[in-house]
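A quick write-up on the structure given underneath.
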Amino acid sequence: MSFQAYLDAVEKKTGLTPRQLVDLAHERGFGPGTNATPILEWLKQHHDLGRGHGMALVHVITKGPRISDTHVGSGGTHSDPTDTLWLDGAASNPHR
């Protein structure tokens with residue numbers, strides 16, 4: 001599963017775009033420097049997200065939407081089309 005696919009699955013499960021979840025996390029004081037555990041606990045308790053999907057959001061909450069270009073355009077299972085994740089909803093993603 002690609003990084004973007006994890007975020008798209010989070011949106012489908014929660015009904016919230018990744019950006020909306022990032023905004024909610026920032027309102028709770030989560031951001032750069034926050035350990036993963038409290039974010040994962042919040043995501044599980046309030047949005048019923050497991051560790052895998054939660055860790056995708058932890059990255060975006062703490063580091064922003066840029067990812068390593070290791071799998072960008074690789075064509076493999078984990079391939080993403082770009083090194084910047086789309087946070088504004090799967091339906092509006094220009095890379096789909």
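How things are named: the first chain in the structure tokens is A, the next is B, and so on; residues count from 1 in each chain; ligands count from 1 in the order shown.
Scanning chain A with DSSP on the backbone, the strand (DSSP E or B) assignments fall on Arg66, Val72, Asp80 and Thr84 of chain A.
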Contacts of A:Tyr6 at 8 Å (only C-alpha atoms; same-chain gap of 3+ positions) as a PyMOL selection string | chain A and resi 1-3+9-10+52-53+56
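Within the 10 Å cut-off around A:Thr62, using only C-alpha atoms and omitting residues fewer than 5 positions from it on the same chain, the listed residues are Val22, Ala25, His26, Phe30, Gly31, Pro32, Gly33, Thr34, Asn35, Ala36, Ile39 and Leu57 of chain A.
Atom CA of A:Trp86 sits 15.4 Å away from atom CA of A:Gly73.
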Between A:Arg96, A:Arg28, A:His46, A:Lys12, smallest distance to A:Ile61 by only C-alpha atoms belongs to A:Arg28
Pairwise distance, atom CA of A:His95 with atom CA of A:Leu43, equals 26.5 Å
Worksheet entry | Shell around A:Ile67 at 12 Å using only C-alpha atoms, local window under 2 positions removed, as a list of chain:residue names | A:Ser2, A:Phe3, A:Gln4, A:Ala56, A:His59, A:Val60, A:Thr62, A:Lys63, A:Gly64, A:Pro65, A:Asp69, A:Thr70, A:His71, A:Val72, A:Ser79, A:Asp80, A:Pro81, A:Thr82, A:Asp83, A:Thr84, A:Leu85, A:Trp86
Write the residues of the selection above to a file with C-alpha atoms, as a CSV table (one decimal), in the first residue's frame.
```
chain,number,residue,atom,x,y,z
A,2,SER,CA,1.4,3.4,-0.9
A,3,PHE,CA,1.6,6.2,1.7
A,4,GLN,CA,-1.1,8.1,-0.2
A,56,ALA,CA,0.8,7.6,8.3
A,59,HIS,CA,4.2,11.5,9.9
A,60,VAL,CA,2.0,14.2,8.3
A,62,THR,CA,4.8,15.9,12.9
A,63,LYS,CA,6.7,16.3,9.6
A,64,GLY,CA,4.3,17.6,7.0
A,65,PRO,CA,3.2,16.2,3.7
A,69,ASP,CA,11.4,9.8,-2.8
A,70,THR,CA,12.5,6.2,-2.3
A,71,HIS,CA,9.3,4.8,-3.8
A,72,VAL,CA,8.1,7.7,-5.9
A,79,SER,CA,4.8,3.5,-5.2
A,80,ASP,CA,3.5,7.1,-4.8
A,81,PRO,CA,3.3,9.4,-7.8
A,82,THR,CA,5.0,12.3,-6.0
A,83,ASP,CA,7.0,13.1,-2.9
A,84,THR,CA,4.2,15.4,-1.6
A,85,LEU,CA,1.1,13.7,-0.1
A,86,TRP,CA,-2.3,15.1,-1.0
```
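Of note, atom CA of A:Arg19 and atom CA of A:Leu87 are spaced 4.9 Å apart.
Residues surrounding A:His47 within 10 Å are Val10, Lys13, Thr14, Gly15, Leu16, Leu21, Leu40, Glu41, Trp42, Leu43 and Gly54 of chain A [only C-alpha atoms; sequence separation below 4 positions excluded].
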Convert the current residue selection to file output with C-alpha atoms, as a short mmCIF file (atom, residue, chain, number, x, y, z; two decimals), in the first residue's frame.
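Written file, selection_34.cif:
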```cif
data_model
loop_
_atom_site.label_atom_id
_atom_site.label_comp_id
_atom_site.auth_asym_id
_atom_site.auth_seq_id
_atom_site.Cartn_x
_atom_site.Cartn_y
_atom_site.Cartn_z
CA VAL A 10 -8.13 7.05 6.64
CA LYS A 13 -12.90 5.33 7.38
CA THR A 14 -13.26 8.62 9.28
CA GLY A 15 -15.09 10.83 6.79
CA LEU A 16 -12.43 13.49 7.38
CA LEU A 21 -7.32 15.50 10.89
CA LEU A 40 -1.84 7.22 18.07
CA GLU A 41 -3.86 7.01 21.29
CA TRP A 42 -5.94 10.03 20.25
CA LEU A 43 -6.49 8.63 16.75
CA GLY A 54 -2.27 6.16 12.52
#
```
Chain A: residues DSSP assigns to alpha helix (DSSP H), reported as a VMD selection string: chain A and resid 3 to 14 18 to 27 36 to 47 51 to 63
Keeping only N, CA and C atoms, write those residues as a CSV table (one decimal), in the first residue's frame.
```csv
chain,number,residue,atom,x,y,z
A,3,PHE,N,1.9,5.3,0.6
A,3,PHE,CA,1.6,6.2,1.7
A,3,PHE,C,0.3,6.9,1.4
A,4,GLN,N,0.1,7.4,0.2
A,4,GLN,CA,-1.1,8.1,-0.2
A,4,GLN,C,-2.3,7.2,0.0
A,5,ALA,N,-2.2,5.9,-0.3
A,5,ALA,CA,-3.3,5.0,-0.1
A,5,ALA,C,-3.7,4.9,1.3
A,6,TYR,N,-2.7,4.9,2.2
A,6,TYR,CA,-3.1,4.9,3.7
A,6,TYR,C,-3.9,6.1,4.0
A,7,LEU,N,-3.5,7.3,3.5
A,7,LEU,CA,-4.2,8.5,3.9
A,7,LEU,C,-5.6,8.5,3.2
A,8,ASP,N,-5.8,8.0,2.0
A,8,ASP,CA,-7.1,7.8,1.4
A,8,ASP,C,-8.0,6.9,2.2
A,9,ALA,N,-7.4,5.8,2.7
A,9,ALA,CA,-8.2,4.9,3.5
A,9,ALA,C,-8.6,5.5,4.8
A,10,VAL,N,-7.8,6.3,5.4
A,10,VAL,CA,-8.1,7.1,6.6
A,10,VAL,C,-9.3,8.0,6.4
A,11,GLU,N,-9.3,8.6,5.2
A,11,GLU,CA,-10.4,9.5,4.9
A,11,GLU,C,-11.7,8.7,4.7
A,12,LYS,N,-11.6,7.6,4.1
A,12,LYS,CA,-12.8,6.7,3.8
A,12,LYS,C,-13.4,6.3,5.2
A,13,LYS,N,-12.5,5.9,6.1
A,13,LYS,CA,-12.9,5.3,7.4
A,13,LYS,C,-13.5,6.4,8.3
A,14,THR,N,-12.9,7.6,8.3
A,14,THR,CA,-13.3,8.6,9.3
A,14,THR,C,-14.2,9.6,8.7
A,18,PRO,N,-7.4,14.1,5.3
A,18,PRO,CA,-6.1,14.1,6.1
A,18,PRO,C,-5.9,15.6,6.7
A,19,ARG,N,-6.1,16.6,5.8
A,19,ARG,CA,-5.9,17.9,6.3
A,19,ARG,C,-6.8,18.3,7.5
A,20,GLN,N,-8.0,17.8,7.5
A,20,GLN,CA,-8.9,18.1,8.6
A,20,GLN,C,-8.4,17.4,9.9
A,21,LEU,N,-7.9,16.2,9.7
A,21,LEU,CA,-7.3,15.5,10.9
A,21,LEU,C,-6.0,16.2,11.4
A,22,VAL,N,-5.2,16.6,10.5
A,22,VAL,CA,-4.0,17.4,10.9
A,22,VAL,C,-4.4,18.6,11.6
A,23,ASP,N,-5.4,19.4,11.1
A,23,ASP,CA,-5.8,20.6,11.8
A,23,ASP,C,-6.4,20.3,13.2
A,24,LEU,N,-7.1,19.2,13.3
A,24,LEU,CA,-7.6,18.8,14.7
A,24,LEU,C,-6.5,18.4,15.6
A,25,ALA,N,-5.5,17.7,15.0
A,25,ALA,CA,-4.3,17.3,15.8
A,25,ALA,C,-3.6,18.6,16.3
A,26,HIS,N,-3.4,19.6,15.4
A,26,HIS,CA,-2.7,20.8,15.8
A,26,HIS,C,-3.5,21.5,16.9
A,27,GLU,N,-4.8,21.5,16.8
A,27,GLU,CA,-5.7,22.2,17.8
A,27,GLU,C,-5.4,21.5,19.2
A,36,ALA,N,5.0,9.8,18.9
A,36,ALA,CA,3.9,9.1,18.2
A,36,ALA,C,2.8,8.6,19.1
A,37,THR,N,3.2,8.1,20.3
A,37,THR,CA,2.2,7.4,21.2
A,37,THR,C,1.0,8.3,21.5
A,38,PRO,N,1.1,9.5,22.0
A,38,PRO,CA,-0.1,10.3,22.3
A,38,PRO,C,-1.0,10.5,21.0
A,39,ILE,N,-0.4,10.7,19.9
A,39,ILE,CA,-1.1,10.9,18.7
A,39,ILE,C,-1.9,9.6,18.3
A,40,LEU,N,-1.2,8.5,18.4
A,40,LEU,CA,-1.8,7.2,18.1
A,40,LEU,C,-3.0,6.9,19.0
A,41,GLU,N,-2.8,7.2,20.3
A,41,GLU,CA,-3.9,7.0,21.3
A,41,GLU,C,-5.1,7.9,21.0
A,42,TRP,N,-4.8,9.1,20.6
A,42,TRP,CA,-5.9,10.0,20.2
A,42,TRP,C,-6.7,9.5,19.0
A,43,LEU,N,-5.9,9.1,18.0
A,43,LEU,CA,-6.5,8.6,16.7
A,43,LEU,C,-7.3,7.4,17.0
A,44,LYS,N,-6.8,6.5,17.9
A,44,LYS,CA,-7.6,5.3,18.2
A,44,LYS,C,-8.8,5.6,19.0
A,45,GLN,N,-8.7,6.4,20.0
A,45,GLN,CA,-9.8,6.7,20.9
A,45,GLN,C,-10.9,7.5,20.1
A,46,HIS,N,-10.5,8.5,19.4
A,46,HIS,CA,-11.5,9.4,18.8
A,46,HIS,C,-11.9,9.1,17.3
A,47,HIS,N,-11.1,8.3,16.6
A,47,HIS,CA,-11.3,8.1,15.2
A,47,HIS,C,-11.2,6.6,14.9
A,51,ARG,N,-2.8,1.2,14.2
A,51,ARG,CA,-1.4,1.7,14.2
A,51,ARG,C,-0.9,2.1,12.8
A,52,GLY,N,-1.2,1.2,11.8
A,52,GLY,CA,-0.7,1.5,10.5
A,52,GLY,C,-1.2,2.8,9.9
A,53,HIS,N,-2.5,3.0,9.9
A,53,HIS,CA,-3.1,4.2,9.4
A,53,HIS,C,-2.7,5.4,10.3
A,54,GLY,N,-2.7,5.1,11.6
A,54,GLY,CA,-2.3,6.2,12.5
A,54,GLY,C,-0.9,6.7,12.3
A,55,MET,N,0.1,5.7,12.0
A,55,MET,CA,1.5,6.2,11.7
A,55,MET,C,1.6,7.0,10.5
A,56,ALA,N,0.7,6.8,9.5
A,56,ALA,CA,0.8,7.6,8.3
A,56,ALA,C,0.4,9.0,8.7
A,57,LEU,N,-0.6,9.2,9.6
A,57,LEU,CA,-1.0,10.5,10.0
A,57,LEU,C,0.0,11.1,11.0
A,58,VAL,N,0.6,10.3,11.8
A,58,VAL,CA,1.7,10.8,12.7
A,58,VAL,C,2.8,11.5,11.8
A,59,HIS,N,3.2,10.9,10.7
A,59,HIS,CA,4.2,11.5,9.9
A,59,HIS,C,3.7,12.9,9.4
A,60,VAL,N,2.5,12.9,8.9
A,60,VAL,CA,2.0,14.2,8.3
A,60,VAL,C,1.8,15.2,9.5
A,61,ILE,N,1.4,14.8,10.6
A,61,ILE,CA,1.2,15.8,11.7
A,61,ILE,C,2.5,16.3,12.2
A,62,THR,N,3.5,15.5,12.3
A,62,THR,CA,4.8,15.9,12.9
A,62,THR,C,5.8,16.4,11.9
A,63,LYS,N,5.7,15.9,10.6
A,63,LYS,CA,6.7,16.3,9.6
A,63,LYS,C,6.2,17.0,8.4
```
